[in-house]
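All remarks here apply to the structure that follows.
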Amino acid sequence: MVGTVHFELQYVNGQIEDLDSGFASAAEARSHLTSGGLTDWILAGGKYINPVNIISIKVKEN
């Protein structure tokens, strides 16, 4: 299911990427991230992202 919530990821190299989170609500996406979602690779936009390479994540609801 494609969600209406996006992650705006800022990488250590300064790149910013906006990807579909796959979650239907911002609350659900935030809950996933704060409950251990940052310890494993993050699935966003159909690809897996290593959280070690990310310095910030914004949850944006469209």
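Identifiers in this document derive from the order of the structure tokens: chains are assigned A, B, ..., residues are numbered from 1 separately in each chain, and ligands are numbered from 1 in order of occurrence.
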
Per-residue DSSP, chain A, filtered to alpha helix (DSSP H), as number ranges by chain: A: 26-32

Go ahead and dump the residues you just picked, N, CA and C atoms, as a tab-separated table (two decimals), in the first residue's frame.
```tsv
chain	number	residue	atom	x	y	z
A	26	ALA	N	0.96	10.01	9.74
A	26	ALA	CA	2.22	10.50	10.30
A	26	ALA	C	2.46	9.90	11.68
A	27	ALA	N	1.39	9.73	12.44
A	27	ALA	CA	1.52	9.15	13.78
A	27	ALA	C	2.08	7.73	13.71
A	28	GLU	N	1.59	6.96	12.76
A	28	GLU	CA	2.07	5.59	12.58
A	28	GLU	C	3.55	5.57	12.17
A	29	ALA	N	3.94	6.47	11.28
A	29	ALA	CA	5.33	6.54	10.83
A	29	ALA	C	6.25	6.94	11.98
A	30	ARG	N	5.84	7.95	12.76
A	30	ARG	CA	6.65	8.39	13.91
A	30	ARG	C	6.76	7.29	14.95
A	31	SER	N	5.67	6.59	15.20
A	31	SER	CA	5.67	5.50	16.16
A	31	SER	C	6.65	4.42	15.75
A	32	HIS	N	6.67	4.09	14.46
A	32	HIS	CA	7.60	3.07	13.95
A	32	HIS	C	9.05	3.51	14.17
```

Extract, using only C-alpha atoms, all DNA, RNA and protein residues at most 6 Å from segment 7-10 of chain A, discarding same-chain residues fewer than 6 positions from it, and format them as JSON, numbers by chain. {"A": [16, 17, 18, 19, 21, 54, 55, 56, 57, 58, 59]}

Name the closest residue to Gly45 of chain A among the candidates A:Thr4, A:Ser25, A:Tyr11, A:Asn62; distances are taken between atoms, counting only C-alpha atoms. A:Thr4

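Of the residues in segment 4-59 of chain A, those given strand (DSSP E) by DSSP on the backbone are Val5, His6, Phe7, Glu8, Leu9, Gln10, Tyr11, Ile16, Glu17, Asp18, Leu19, Asp20, Ile42, Leu43, Ala44, Lys47, Tyr48, Ile49, Ile54, Ile55, Ser56, Ile57, Lys58 and Val59 of chain A.
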
Non-local contacts of Tyr48 of chain A (12 Å; only C-alpha atoms; under 6 positions in same chain excluded) as a VMD selection string: chain A and resid 19 to 21 38 40 to 42

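Separating atom CA of Ala44 of chain A from atom CA of Phe23 of chain A is a distance of 9.7 Å.
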